[in-house]
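Chemist: Next comes final32.pdb, PDB, C-alpha atoms, pLDDT in the B column:
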```
MODEL        1
ATOM      1  CA  MET Y 182       0.000   0.000   0.000  1.00 44.00           C
ATOM      2  CA  PRO Y 183       1.316   3.492  -0.816  1.00 44.00           C
ATOM      3  CA  ASN Y 184       2.247   5.788   2.081  1.00 55.00           C
ATOM      4  CA  TYR Y 185      -0.640   8.156   1.340  1.00 80.00           C
ATOM      5  CA  SER Y 186      -2.965   5.327   2.327  1.00 87.00           C
ATOM      6  CA  ALA Y 187      -4.246   7.006   5.502  1.00 88.00           C
ATOM      7  CA  GLU Y 188      -5.049  10.143   3.520  1.00 90.00           C
ATOM      8  CA  VAL Y 189      -7.019   8.166   0.904  1.00 92.00           C
ATOM      9  CA  ASP Y 190      -8.883   6.372   3.709  1.00 91.00           C
ATOM     10  CA  ALA Y 191      -9.824   9.648   5.391  1.00 92.00           C
ATOM     11  CA  VAL Y 192     -11.091  11.188   2.131  1.00 95.00           C
ATOM     12  CA  LEU Y 193     -13.078   8.054   1.205  1.00 94.00           C
ATOM     13  CA  ARG Y 194     -14.647   7.834   4.668  1.00 93.00           C
ATOM     14  CA  ALA Y 195     -15.501  11.530   4.532  1.00 96.00           C
ATOM     15  CA  LEU Y 196     -17.142  11.163   1.106  1.00 96.00           C
ATOM     16  CA  ALA Y 197     -18.960   7.888   1.875  1.00 93.00           C
ATOM     17  CA  ASP Y 198     -21.861   9.782   3.453  1.00 94.00           C
ATOM     18  CA  PRO Y 199     -24.450  11.186   0.980  1.00 92.00           C
ATOM     19  CA  THR Y 200     -24.872  14.429   2.958  1.00 94.00           C
ATOM     20  CA  ARG Y 201     -21.144  15.100   3.069  1.00 96.00           C
ATOM     21  CA  ARG Y 202     -20.882  14.292  -0.623  1.00 95.00           C
ATOM     22  CA  ALA Y 203     -23.690  16.776  -1.328  1.00 94.00           C
ATOM     23  CA  VAL Y 204     -21.830  19.408   0.741  1.00 96.00           C
ATOM     24  CA  VAL Y 205     -18.693  18.784  -1.370  1.00 95.00           C
ATOM     25  CA  GLU Y 206     -20.749  19.113  -4.595  1.00 94.00           C
ATOM     26  CA  ARG Y 207     -22.144  22.413  -3.261  1.00 94.00           C
ATOM     27  CA  LEU Y 208     -18.719  23.747  -2.241  1.00 94.00           C
ATOM     28  CA  ALA Y 209     -17.141  22.716  -5.558  1.00 92.00           C
ATOM     29  CA  LYS Y 210     -19.314  25.474  -7.073  1.00 90.00           C
ATOM     30  CA  SER Y 211     -18.303  28.179  -4.556  1.00 92.00           C
ATOM     31  CA  PRO Y 212     -17.492  28.677  -0.862  1.00 94.00           C
ATOM     32  CA  ALA Y 213     -20.557  29.036   1.380  1.00 96.00           C
ATOM     33  CA  VAL Y 214     -21.399  30.370   4.819  1.00 96.00           C
ATOM     34  CA  VAL Y 215     -22.666  27.778   7.307  1.00 96.00           C
ATOM     35  CA  SER Y 216     -26.107  29.379   7.635  1.00 94.00           C
ATOM     36  CA  ASP Y 217     -26.623  29.125   3.854  1.00 94.00           C
ATOM     37  CA  LEU Y 218     -25.584  25.462   3.901  1.00 95.00           C
ATOM     38  CA  LEU Y 219     -28.006  24.879   6.772  1.00 95.00           C
ATOM     39  CA  ALA Y 220     -30.813  26.382   4.673  1.00 94.00           C
ATOM     40  CA  SER Y 221     -29.939  24.067   1.747  1.00 92.00           C
ATOM     41  CA  PHE Y 222     -29.779  20.842   3.771  1.00 91.00           C
ATOM     42  CA  SER Y 223     -32.689  19.712   5.922  1.00 87.00           C
ATOM     43  CA  MET Y 224     -30.834  18.956   9.141  1.00 93.00           C
ATOM     44  CA  THR Y 225     -30.069  20.501  12.497  1.00 96.00           C
ATOM     45  CA  LEU Y 226     -27.076  22.803  12.986  1.00 95.00           C
ATOM     46  CA  PRO Y 227     -25.264  20.276  15.268  1.00 97.00           C
ATOM     47  CA  SER Y 228     -25.622  17.554  12.584  1.00 97.00           C
ATOM     48  CA  LEU Y 229     -24.320  19.872   9.867  1.00 97.00           C
ATOM     49  CA  LEU Y 230     -21.397  20.989  12.062  1.00 96.00           C
ATOM     50  CA  GLN Y 231     -20.537  17.347  12.762  1.00 97.00           C
ATOM     51  CA  HIS Y 232     -20.456  16.602   9.000  1.00 97.00           C
ATOM     52  CA  LEU Y 233     -18.322  19.701   8.374  1.00 97.00           C
ATOM     53  CA  ARG Y 234     -15.919  18.650  11.144  1.00 97.00           C
ATOM     54  CA  ILE Y 235     -15.416  15.229   9.496  1.00 96.00           C
ATOM     55  CA  LEU Y 236     -14.809  16.878   6.110  1.00 97.00           C
ATOM     56  CA  GLU Y 237     -12.366  19.337   7.703  1.00 96.00           C
ATOM     57  CA  ASP Y 238     -10.520  16.556   9.604  1.00 95.00           C
ATOM     58  CA  ALA Y 239     -10.139  14.697   6.286  1.00 94.00           C
ATOM     59  CA  ARG Y 240      -8.692  17.955   4.844  1.00 93.00           C
ATOM     60  CA  VAL Y 241     -11.419  18.036   2.185  1.00 95.00           C
ATOM     61  CA  ILE Y 242     -12.706  21.453   3.264  1.00 96.00           C
ATOM     62  CA  THR Y 243     -11.325  24.440   5.138  1.00 96.00           C
ATOM     63  CA  SER Y 244     -13.271  26.935   7.198  1.00 95.00           C
ATOM     64  CA  ASN Y 245     -12.688  30.525   8.137  1.00 95.00           C
ATOM     65  CA  LYS Y 246     -14.570  32.470  10.808  1.00 94.00           C
ATOM     66  CA  GLN Y 247     -14.995  36.236  10.623  1.00 94.00           C
ATOM     67  CA  GLY Y 248     -17.006  37.590  13.531  1.00 94.00           C
ATOM     68  CA  ARG Y 249     -20.009  35.268  13.805  1.00 91.00           C
ATOM     69  CA  VAL Y 250     -19.891  34.171  10.157  1.00 94.00           C
ATOM     70  CA  ARG Y 251     -18.128  30.908   9.316  1.00 95.00           C
ATOM     71  CA  THR Y 252     -17.347  30.352   5.625  1.00 96.00           C
ATOM     72  CA  VAL Y 253     -16.431  26.875   4.387  1.00 96.00           C
ATOM     73  CA  SER Y 254     -14.573  26.124   1.151  1.00 95.00           C
ATOM     74  CA  LEU Y 255     -13.394  23.073  -0.726  1.00 94.00           C
ATOM     75  CA  ARG Y 256      -9.658  22.864  -0.081  1.00 92.00           C
ATOM     76  CA  PRO Y 257      -7.782  23.294  -3.403  1.00 88.00           C
ATOM     77  CA  GLY Y 258      -6.477  19.876  -4.467  1.00 87.00           C
ATOM     78  CA  ALA Y 259      -8.561  18.211  -1.747  1.00 87.00           C
ATOM     79  CA  LEU Y 260      -9.628  15.373  -4.008  1.00 91.00           C
ATOM     80  CA  ASP Y 261      -6.300  14.934  -5.792  1.00 91.00           C
ATOM     81  CA  VAL Y 262      -5.229  12.085  -3.515  1.00 91.00           C
ATOM     82  CA  LEU Y 263      -8.341  10.109  -4.449  1.00 93.00           C
ATOM     83  CA  HIS Y 264      -7.850  10.925  -8.124  1.00 91.00           C
ATOM     84  CA  LEU Y 265      -4.278   9.620  -7.866  1.00 92.00           C
ATOM     85  CA  TRP Y 266      -5.397   6.408  -6.136  1.00 93.00           C
ATOM     86  CA  LEU Y 267      -8.110   5.814  -8.749  1.00 92.00           C
ATOM     87  CA  GLY Y 268      -5.574   6.419 -11.502  1.00 89.00           C
ATOM     88  CA  GLU Y 269      -3.280   3.762 -10.035  1.00 89.00           C
ATOM     89  CA  GLN Y 270      -6.066   1.170  -9.916  1.00 89.00           C
ATOM     90  CA  ARG Y 271      -7.130   1.975 -13.468  1.00 80.00           C
ATOM     91  CA  THR Y 272      -3.567   1.790 -14.691  1.00 72.00           C
ATOM     92  CA  SER Y 273      -3.128  -1.677 -13.173  1.00 72.00           C
ATOM     93  CA  ALA Y 274      -6.464  -2.829 -14.571  1.00 67.00           C
ATOM     94  CA  GLU Y 275      -5.651  -1.372 -17.980  1.00 71.00           C
ATOM     95  CA  ARG Y 276      -2.227  -3.033 -18.002  1.00 71.00           C
ATOM     96  CA  GLN Y 277      -4.042  -6.275 -17.203  1.00 68.00           C
ATOM     97  CA  ALA Y 278      -6.443  -5.676 -20.122  1.00 69.00           C
ATOM     98  CA  ASP Y 279      -3.485  -4.853 -22.388  1.00 68.00           C
ATOM     99  CA  ARG Y 280      -1.730  -8.105 -21.459  1.00 70.00           C
ATOM    100  CA  LEU Y 281      -4.939 -10.017 -22.160  1.00 68.00           C
ATOM    101  CA  GLY Y 282      -5.231  -8.226 -25.511  1.00 71.00           C
ATOM    102  CA  ILE Y 283      -1.631  -9.104 -26.416  1.00 69.00           C
ATOM    103  CA  HIS Y 284      -2.212 -12.710 -25.347  1.00 71.00           C
ATOM    104  CA  LEU Y 285      -5.382 -12.959 -27.464  1.00 71.00           C
ATOM    105  CA  ALA Y 286      -3.676 -11.298 -30.450  1.00 74.00           C
ATOM    106  CA  ARG Y 287      -0.808 -13.824 -30.226  1.00 74.00           C
ATOM    107  CA  ALA Y 288      -3.204 -16.740 -29.809  1.00 75.00           C
ATOM    108  CA  THR Y 289      -5.170 -15.566 -32.864  1.00 70.00           C
ATOM    109  CA  SER Y 290      -2.033 -15.071 -34.993  1.00 70.00           C
ATOM    110  CA  LYS Y 291      -0.850 -18.608 -34.085  1.00 63.00           C
ATOM    111  CA  GLU Y 292      -4.190 -20.001 -35.214  1.00 60.00           C
ATOM    112  CA  ASN Y 293      -3.858 -18.353 -38.634  1.00 54.00           C
TER
ATOM    113  CA  MET T 142     -27.411  15.658  -7.804  1.00 45.00           C
ATOM    114  CA  PRO T 143     -26.788  13.550 -10.898  1.00 45.00           C
ATOM    115  CA  ASN T 144     -28.886  10.398 -11.334  1.00 55.00           C
ATOM    116  CA  TYR T 145     -25.864   8.134 -10.877  1.00 80.00           C
ATOM    117  CA  SER T 146     -25.748   9.390  -7.293  1.00 87.00           C
ATOM    118  CA  ALA T 147     -26.758   6.045  -5.726  1.00 89.00           C
ATOM    119  CA  GLU T 148     -24.042   4.292  -7.726  1.00 90.00           C
ATOM    120  CA  VAL T 149     -21.383   6.779  -6.535  1.00 93.00           C
ATOM    121  CA  ASP T 150     -22.615   6.323  -2.943  1.00 91.00           C
ATOM    122  CA  ALA T 151     -22.367   2.531  -3.173  1.00 92.00           C
ATOM    123  CA  VAL T 152     -18.833   2.646  -4.617  1.00 95.00           C
ATOM    124  CA  LEU T 153     -17.652   5.189  -2.014  1.00 94.00           C
ATOM    125  CA  ARG T 154     -19.135   3.184   0.858  1.00 93.00           C
ATOM    126  CA  ALA T 155     -17.561   0.003  -0.509  1.00 96.00           C
ATOM    127  CA  LEU T 156     -14.128   1.679  -0.768  1.00 96.00           C
ATOM    128  CA  ALA T 157     -14.311   3.502   2.580  1.00 93.00           C
ATOM    129  CA  ASP T 158     -13.064   0.395   4.413  1.00 94.00           C
ATOM    130  CA  PRO T 159      -9.255  -0.117   4.365  1.00 92.00           C
ATOM    131  CA  THR T 160      -9.572  -3.907   3.910  1.00 94.00           C
ATOM    132  CA  ARG T 161     -11.933  -3.565   0.950  1.00 96.00           C
ATOM    133  CA  ARG T 162      -9.677  -0.933  -0.559  1.00 95.00           C
ATOM    134  CA  ALA T 163      -6.710  -3.309  -0.183  1.00 94.00           C
ATOM    135  CA  VAL T 164      -8.760  -6.062  -1.892  1.00 96.00           C
ATOM    136  CA  VAL T 165      -9.457  -3.673  -4.797  1.00 95.00           C
ATOM    137  CA  GLU T 166      -5.742  -2.783  -5.034  1.00 94.00           C
ATOM    138  CA  ARG T 167      -4.938  -6.518  -5.115  1.00 94.00           C
ATOM    139  CA  LEU T 168      -7.582  -7.280  -7.774  1.00 94.00           C
ATOM    140  CA  ALA T 169      -6.496  -4.330  -9.925  1.00 92.00           C
ATOM    141  CA  LYS T 170      -3.313  -6.353 -10.535  1.00 90.00           C
ATOM    142  CA  SER T 171      -5.106  -9.606 -11.464  1.00 92.00           C
ATOM    143  CA  PRO T 172      -8.153 -11.727 -10.560  1.00 94.00           C
ATOM    144  CA  ALA T 173      -7.654 -13.947  -7.491  1.00 96.00           C
ATOM    145  CA  VAL T 174      -9.213 -17.032  -5.952  1.00 96.00           C
ATOM    146  CA  VAL T 175     -10.812 -16.520  -2.534  1.00 96.00           C
ATOM    147  CA  SER T 176      -8.382 -18.892  -0.755  1.00 94.00           C
ATOM    148  CA  ASP T 177      -5.403 -16.839  -2.033  1.00 94.00           C
ATOM    149  CA  LEU T 178      -7.030 -13.608  -0.871  1.00 95.00           C
ATOM    150  CA  LEU T 179      -7.648 -15.207   2.529  1.00 95.00           C
ATOM    151  CA  ALA T 180      -3.942 -16.079   2.762  1.00 94.00           C
ATOM    152  CA  SER T 181      -3.001 -12.443   1.933  1.00 92.00           C
ATOM    153  CA  PHE T 182      -5.338 -10.825   4.462  1.00 91.00           C
ATOM    154  CA  SER T 183      -5.245 -11.727   8.130  1.00 87.00           C
ATOM    155  CA  MET T 184      -8.957 -12.298   8.731  1.00 93.00           C
ATOM    156  CA  THR T 185     -11.486 -15.101   8.969  1.00 96.00           C
ATOM    157  CA  LEU T 186     -13.224 -16.491   5.877  1.00 95.00           C
ATOM    158  CA  PRO T 187     -16.654 -15.141   6.975  1.00 97.00           C
ATOM    159  CA  SER T 188     -15.172 -11.623   7.370  1.00 97.00           C
ATOM    160  CA  LEU T 189     -13.523 -11.787   3.958  1.00 97.00           C
ATOM    161  CA  LEU T 190     -16.718 -13.094   2.326  1.00 96.00           C
ATOM    162  CA  GLN T 191     -18.686 -10.258   3.940  1.00 97.00           C
ATOM    163  CA  HIS T 192     -16.247  -7.691   2.495  1.00 97.00           C
ATOM    164  CA  LEU T 193     -16.431  -9.380  -0.933  1.00 97.00           C
ATOM    165  CA  ARG T 194     -20.227  -9.326  -0.783  1.00 97.00           C
ATOM    166  CA  ILE T 195     -20.232  -5.557  -0.145  1.00 96.00           C
ATOM    167  CA  LEU T 196     -17.814  -5.002  -3.041  1.00 97.00           C
ATOM    168  CA  GLU T 197     -19.935  -7.209  -5.299  1.00 96.00           C
ATOM    169  CA  ASP T 198     -23.188  -5.454  -4.269  1.00 95.00           C
ATOM    170  CA  ALA T 199     -21.539  -2.130  -5.150  1.00 94.00           C
ATOM    171  CA  ARG T 200     -20.656  -3.693  -8.547  1.00 93.00           C
ATOM    172  CA  VAL T 201     -16.953  -3.065  -7.923  1.00 95.00           C
ATOM    173  CA  ILE T 202     -16.028  -6.743  -8.262  1.00 96.00           C
ATOM    174  CA  THR T 203     -17.526  -9.807  -9.917  1.00 96.00           C
ATOM    175  CA  SER T 204     -17.096 -13.409  -8.843  1.00 95.00           C
ATOM    176  CA  ASN T 205     -17.264 -16.683 -10.676  1.00 95.00           C
ATOM    177  CA  LYS T 206     -17.458 -20.136  -9.091  1.00 94.00           C
ATOM    178  CA  GLN T 207     -16.126 -23.238 -10.804  1.00 94.00           C
ATOM    179  CA  GLY T 208     -16.536 -26.347  -8.664  1.00 94.00           C
ATOM    180  CA  ARG T 209     -15.334 -25.326  -5.209  1.00 91.00           C
ATOM    181  CA  VAL T 210     -13.084 -22.523  -6.456  1.00 94.00           C
ATOM    182  CA  ARG T 211     -14.442 -18.974  -6.439  1.00 95.00           C
ATOM    183  CA  THR T 212     -12.454 -16.413  -8.451  1.00 96.00           C
ATOM    184  CA  VAL T 213     -13.033 -12.705  -7.895  1.00 96.00           C
ATOM    185  CA  SER T 214     -12.122  -9.949 -10.364  1.00 95.00           C
ATOM    186  CA  LEU T 215     -12.309  -6.186 -10.512  1.00 94.00           C
ATOM    187  CA  ARG T 216     -15.290  -5.392 -12.743  1.00 92.00           C
ATOM    188  CA  PRO T 217     -14.060  -3.553 -15.889  1.00 88.00           C
ATOM    189  CA  GLY T 218     -15.010   0.106 -15.536  1.00 87.00           C
ATOM    190  CA  ALA T 219     -15.988  -0.460 -11.891  1.00 87.00           C
ATOM    191  CA  LEU T 220     -14.375   2.765 -10.719  1.00 91.00           C
ATOM    192  CA  ASP T 221     -15.393   4.884 -13.730  1.00 91.00           C
ATOM    193  CA  VAL T 222     -18.432   6.310 -11.934  1.00 91.00           C
ATOM    194  CA  LEU T 223     -16.213   7.626  -9.129  1.00 93.00           C
ATOM    195  CA  HIS T 224     -13.716   8.979 -11.640  1.00 91.00           C
ATOM    196  CA  LEU T 225     -16.557  10.807 -13.385  1.00 92.00           C
ATOM    197  CA  TRP T 226     -17.868  12.254 -10.114  1.00 93.00           C
ATOM    198  CA  LEU T 227     -14.373  13.419  -9.108  1.00 92.00           C
ATOM    199  CA  GLY T 228     -13.920  14.990 -12.525  1.00 89.00           C
ATOM    200  CA  GLU T 229     -17.131  16.973 -12.087  1.00 90.00           C
ATOM    201  CA  GLN T 230     -16.037  18.326  -8.707  1.00 89.00           C
ATOM    202  CA  ARG T 231     -12.605  19.232 -10.044  1.00 80.00           C
ATOM    203  CA  THR T 232     -14.123  20.929 -13.056  1.00 72.00           C
ATOM    204  CA  SER T 233     -16.350  23.052 -10.826  1.00 71.00           C
ATOM    205  CA  ALA T 234     -13.455  23.875  -8.512  1.00 67.00           C
ATOM    206  CA  GLU T 235     -11.212  24.731 -11.460  1.00 71.00           C
ATOM    207  CA  ARG T 236     -13.886  26.965 -12.994  1.00 70.00           C
ATOM    208  CA  GLN T 237     -14.095  28.671  -9.614  1.00 66.00           C
ATOM    209  CA  ALA T 238     -10.292  29.101  -9.578  1.00 68.00           C
ATOM    210  CA  ASP T 239     -10.427  30.457 -13.145  1.00 67.00           C
ATOM    211  CA  ARG T 240     -13.072  33.009 -12.188  1.00 68.00           C
ATOM    212  CA  LEU T 241     -10.957  34.065  -9.227  1.00 66.00           C
ATOM    213  CA  GLY T 242      -7.951  34.358 -11.539  1.00 70.00           C
ATOM    214  CA  ILE T 243      -9.919  36.502 -14.015  1.00 68.00           C
ATOM    215  CA  HIS T 244     -11.232  38.658 -11.152  1.00 70.00           C
ATOM    216  CA  LEU T 245      -7.713  39.160  -9.768  1.00 70.00           C
ATOM    217  CA  ALA T 246      -6.318  39.895 -13.249  1.00 72.00           C
ATOM    218  CA  ARG T 247      -9.032  42.538 -13.789  1.00 74.00           C
ATOM    219  CA  ALA T 248      -8.485  44.014 -10.343  1.00 74.00           C
ATOM    220  CA  THR T 249      -4.727  44.212 -11.023  1.00 69.00           C
ATOM    221  CA  SER T 250      -5.171  45.778 -14.468  1.00 69.00           C
ATOM    222  CA  LYS T 251      -7.524  48.426 -12.988  1.00 63.00           C
ATOM    223  CA  GLU T 252      -4.898  49.287 -10.409  1.00 60.00           C
ATOM    224  CA  ASN T 253      -2.273  49.903 -13.116  1.00 54.00           C
TER
ENDMDL
END
```
Any chance you could put this one into structure tokens?

Modeler:
Amino acid sequence: MPNYSAEVDAVLRALADPTRRAVVERLAKSPAVVSDLLASFSMTLPSLLQHLRILEDARVITSNKQGRVRTVSLRPGALDVLHLWLGEQRTSAERQADRLGIHLARATSKEN
Amino acid sequence: MPNYSAEVDAVLRALADPTRRAVVERLAKSPAVVSDLLASFSMTLPSLLQHLRILEDARVITSNKQGRVRTVSLRPGALDVLHLWLGEQRTSAERQADRLGIHLARATSKEN
């Protein structure tokens, strides 16, 4: 396993909840203040804050408080680690498909 | 939310467990028989089968039984839905970064 494993785990666990995923989709469009997020999602403030804390602990979002207004943003490059992990799995799988293709091509050429 | 939302949820939940993610990493290299997987992972057969069931329900892996030997494989394109979702979030975030860049460029040119 690569050494960024813990980071991938944290991001996957953070995104595995539909509400948190919806928050990420919302924040990918623009940063938002907590009260606006609360209006968009039908849940209590403590529940929303708990979801935001998990996303922040996984370094998916960042938050910034000015006076009584807390603004949350998607952290730039937050999802890169997951993109990288996915790329690695696809590369392996594609290499596997390539080898199969080469094997089949050879088998076919021998038959002819 | 896009209509493939449930599919993204299932894949994310399936991958959010470190053991299941390790199984996916293993299967990305090549298909494997269950007894070999069991030897690679320090867990009981029922635990492994439970993890495989979750991965299969999420359509991440497929399995095929011949006699008493069950072989599991990564389903081709299994992770594409997650790749697509990630791409959408990155695109939004990049558009946001572009707008910020344009805004800053305009602000700077006005200052000069």

Chemist: As a check of understanding, name the residues that the PyMOL selection byres ((chain T and resi 178) around 12) selects in the supplied structure, as a VMD selection string.

Modeler: chain T and resid 160 to 161 163 to 168 171 to 177 179 to 186 188 to 190 192 to 193 211 to 214

Chemist: Run the ChimeraX specification (/Y :<6) & /T on the file and write out the hits as a list in words.

Modeler: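 Expected selection for the ChimeraX specification (/Y :<6) & /T here is Leu153, Arg154, Ala157, Ala169, Lys170, Gln230, Ser233 and Ala234 of chain T.
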
Chemist: Mind pulling up the distance from CA of Tyr185 (chain Y) to CA of Asn245 (chain Y)?

Modeler: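 Those two atoms sit 26.3 Å apart.
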
Chemist: When you draw a straight line from CA of Arg240 (chain Y) to CA of Leu265 (chain Y), how long is it in Å?

Modeler: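 So the two atoms, CA of Arg240 (chain Y) and CA of Leu265 (chain Y), lie 15.8 Å apart.
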
Chemist: What is the distance between CA of Glu237 (chain Y) and CA of Glu188 (chain Y), in Å to one decimal?

Modeler: 12.5 Å

Chemist: Could you give me the centre and size, in Å to one decimal, of an axis-aligned box around all listed atoms of region 155-165 of chain T with 6 Å added on every side, as AutoDock Vina command-line options?

Modeler:
```
--center_x -12.1 --center_y -1.3 --center_z -0.2 --size_x 22.9 --size_y 21.6 --size_z 21.2
```

Chemist: Have region 202-210 of chain Y completed to all heavy atoms, please, and pass it along as an mmCIF file, in the frame of the given file.

Modeler:
```
data_model
loop_
_atom_site.group_PDB
_atom_site.id
_atom_site.type_symbol
_atom_site.label_atom_id
_atom_site.label_comp_id
_atom_site.auth_asym_id
_atom_site.auth_seq_id
_atom_site.Cartn_x
_atom_site.Cartn_y
_atom_site.Cartn_z
ATOM 1 N N ARG Y 202 -21.162 14.217 0.809
ATOM 2 C CA ARG Y 202 -20.882 14.292 -0.623
ATOM 3 C C ARG Y 202 -21.650 15.456 -1.252
ATOM 4 O O ARG Y 202 -21.119 16.179 -2.103
ATOM 5 C CB ARG Y 202 -21.243 12.972 -1.298
ATOM 6 C CG ARG Y 202 -20.584 12.805 -2.638
ATOM 7 C CD ARG Y 202 -20.512 11.348 -3.023
ATOM 8 N NE ARG Y 202 -21.825 10.775 -3.199
ATOM 9 C CZ ARG Y 202 -22.613 11.026 -4.230
ATOM 10 N NH1 ARG Y 202 -22.218 11.851 -5.173
ATOM 11 N NH2 ARG Y 202 -23.780 10.453 -4.332
ATOM 12 N N ALA Y 203 -22.893 15.659 -0.817
ATOM 13 C CA ALA Y 203 -23.690 16.776 -1.328
ATOM 14 C C ALA Y 203 -23.069 18.114 -0.919
ATOM 15 O O ALA Y 203 -23.074 19.070 -1.702
ATOM 16 C CB ALA Y 203 -25.128 16.665 -0.825
ATOM 17 N N VAL Y 204 -22.512 18.180 0.291
ATOM 18 C CA VAL Y 204 -21.830 19.408 0.741
ATOM 19 C C VAL Y 204 -20.626 19.681 -0.165
ATOM 20 O O VAL Y 204 -20.411 20.821 -0.600
ATOM 21 C CB VAL Y 204 -21.391 19.294 2.234
ATOM 22 C CG1 VAL Y 204 -20.439 20.420 2.614
ATOM 23 C CG2 VAL Y 204 -22.613 19.293 3.160
ATOM 24 N N VAL Y 205 -19.862 18.629 -0.494
ATOM 25 C CA VAL Y 205 -18.693 18.784 -1.370
ATOM 26 C C VAL Y 205 -19.140 19.280 -2.750
ATOM 27 O O VAL Y 205 -18.535 20.192 -3.324
ATOM 28 C CB VAL Y 205 -17.901 17.460 -1.476
ATOM 29 C CG1 VAL Y 205 -16.859 17.514 -2.594
ATOM 30 C CG2 VAL Y 205 -17.222 17.153 -0.143
ATOM 31 N N GLU Y 206 -20.233 18.685 -3.283
ATOM 32 C CA GLU Y 206 -20.749 19.113 -4.595
ATOM 33 C C GLU Y 206 -21.142 20.590 -4.552
ATOM 34 O O GLU Y 206 -20.876 21.336 -5.496
ATOM 35 C CB GLU Y 206 -21.951 18.252 -5.000
ATOM 36 C CG GLU Y 206 -21.537 16.827 -5.378
ATOM 37 C CD GLU Y 206 -22.721 15.873 -5.545
ATOM 38 O OE1 GLU Y 206 -23.888 16.306 -5.412
ATOM 39 O OE2 GLU Y 206 -22.470 14.674 -5.800
ATOM 40 N N ARG Y 207 -21.750 21.009 -3.431
ATOM 41 C CA ARG Y 207 -22.144 22.413 -3.261
ATOM 42 C C ARG Y 207 -20.918 23.334 -3.214
ATOM 43 O O ARG Y 207 -20.878 24.377 -3.880
ATOM 44 C CB ARG Y 207 -23.007 22.541 -1.997
ATOM 45 C CG ARG Y 207 -23.286 23.938 -1.510
ATOM 46 C CD ARG Y 207 -24.029 24.781 -2.525
ATOM 47 N NE ARG Y 207 -24.023 26.186 -2.117
ATOM 48 C CZ ARG Y 207 -22.989 27.003 -2.321
ATOM 49 N NH1 ARG Y 207 -21.900 26.589 -2.947
ATOM 50 N NH2 ARG Y 207 -23.063 28.261 -1.932
ATOM 51 N N LEU Y 208 -19.905 22.905 -2.430
ATOM 52 C CA LEU Y 208 -18.719 23.747 -2.241
ATOM 53 C C LEU Y 208 -17.804 23.746 -3.469
ATOM 54 O O LEU Y 208 -16.995 24.664 -3.638
ATOM 55 C CB LEU Y 208 -17.934 23.325 -0.999
ATOM 56 C CG LEU Y 208 -18.667 23.485 0.338
ATOM 57 C CD1 LEU Y 208 -17.782 23.041 1.491
ATOM 58 C CD2 LEU Y 208 -19.130 24.931 0.557
ATOM 59 N N ALA Y 209 -17.928 22.733 -4.313
ATOM 60 C CA ALA Y 209 -17.141 22.716 -5.558
ATOM 61 C C ALA Y 209 -17.572 23.873 -6.459
ATOM 62 O O ALA Y 209 -16.804 24.328 -7.303
ATOM 63 C CB ALA Y 209 -17.301 21.386 -6.282
ATOM 64 N N LYS Y 210 -18.817 24.344 -6.267
ATOM 65 C CA LYS Y 210 -19.314 25.474 -7.073
ATOM 66 C C LYS Y 210 -18.793 26.800 -6.531
ATOM 67 O O LYS Y 210 -18.354 27.645 -7.286
ATOM 68 C CB LYS Y 210 -20.840 25.463 -7.119
ATOM 69 C CG LYS Y 210 -21.385 24.250 -7.882
ATOM 70 C CD LYS Y 210 -22.900 24.284 -8.009
ATOM 71 C CE LYS Y 210 -23.402 23.069 -8.778
ATOM 72 N NZ LYS Y 210 -23.228 21.805 -8.013
#
```
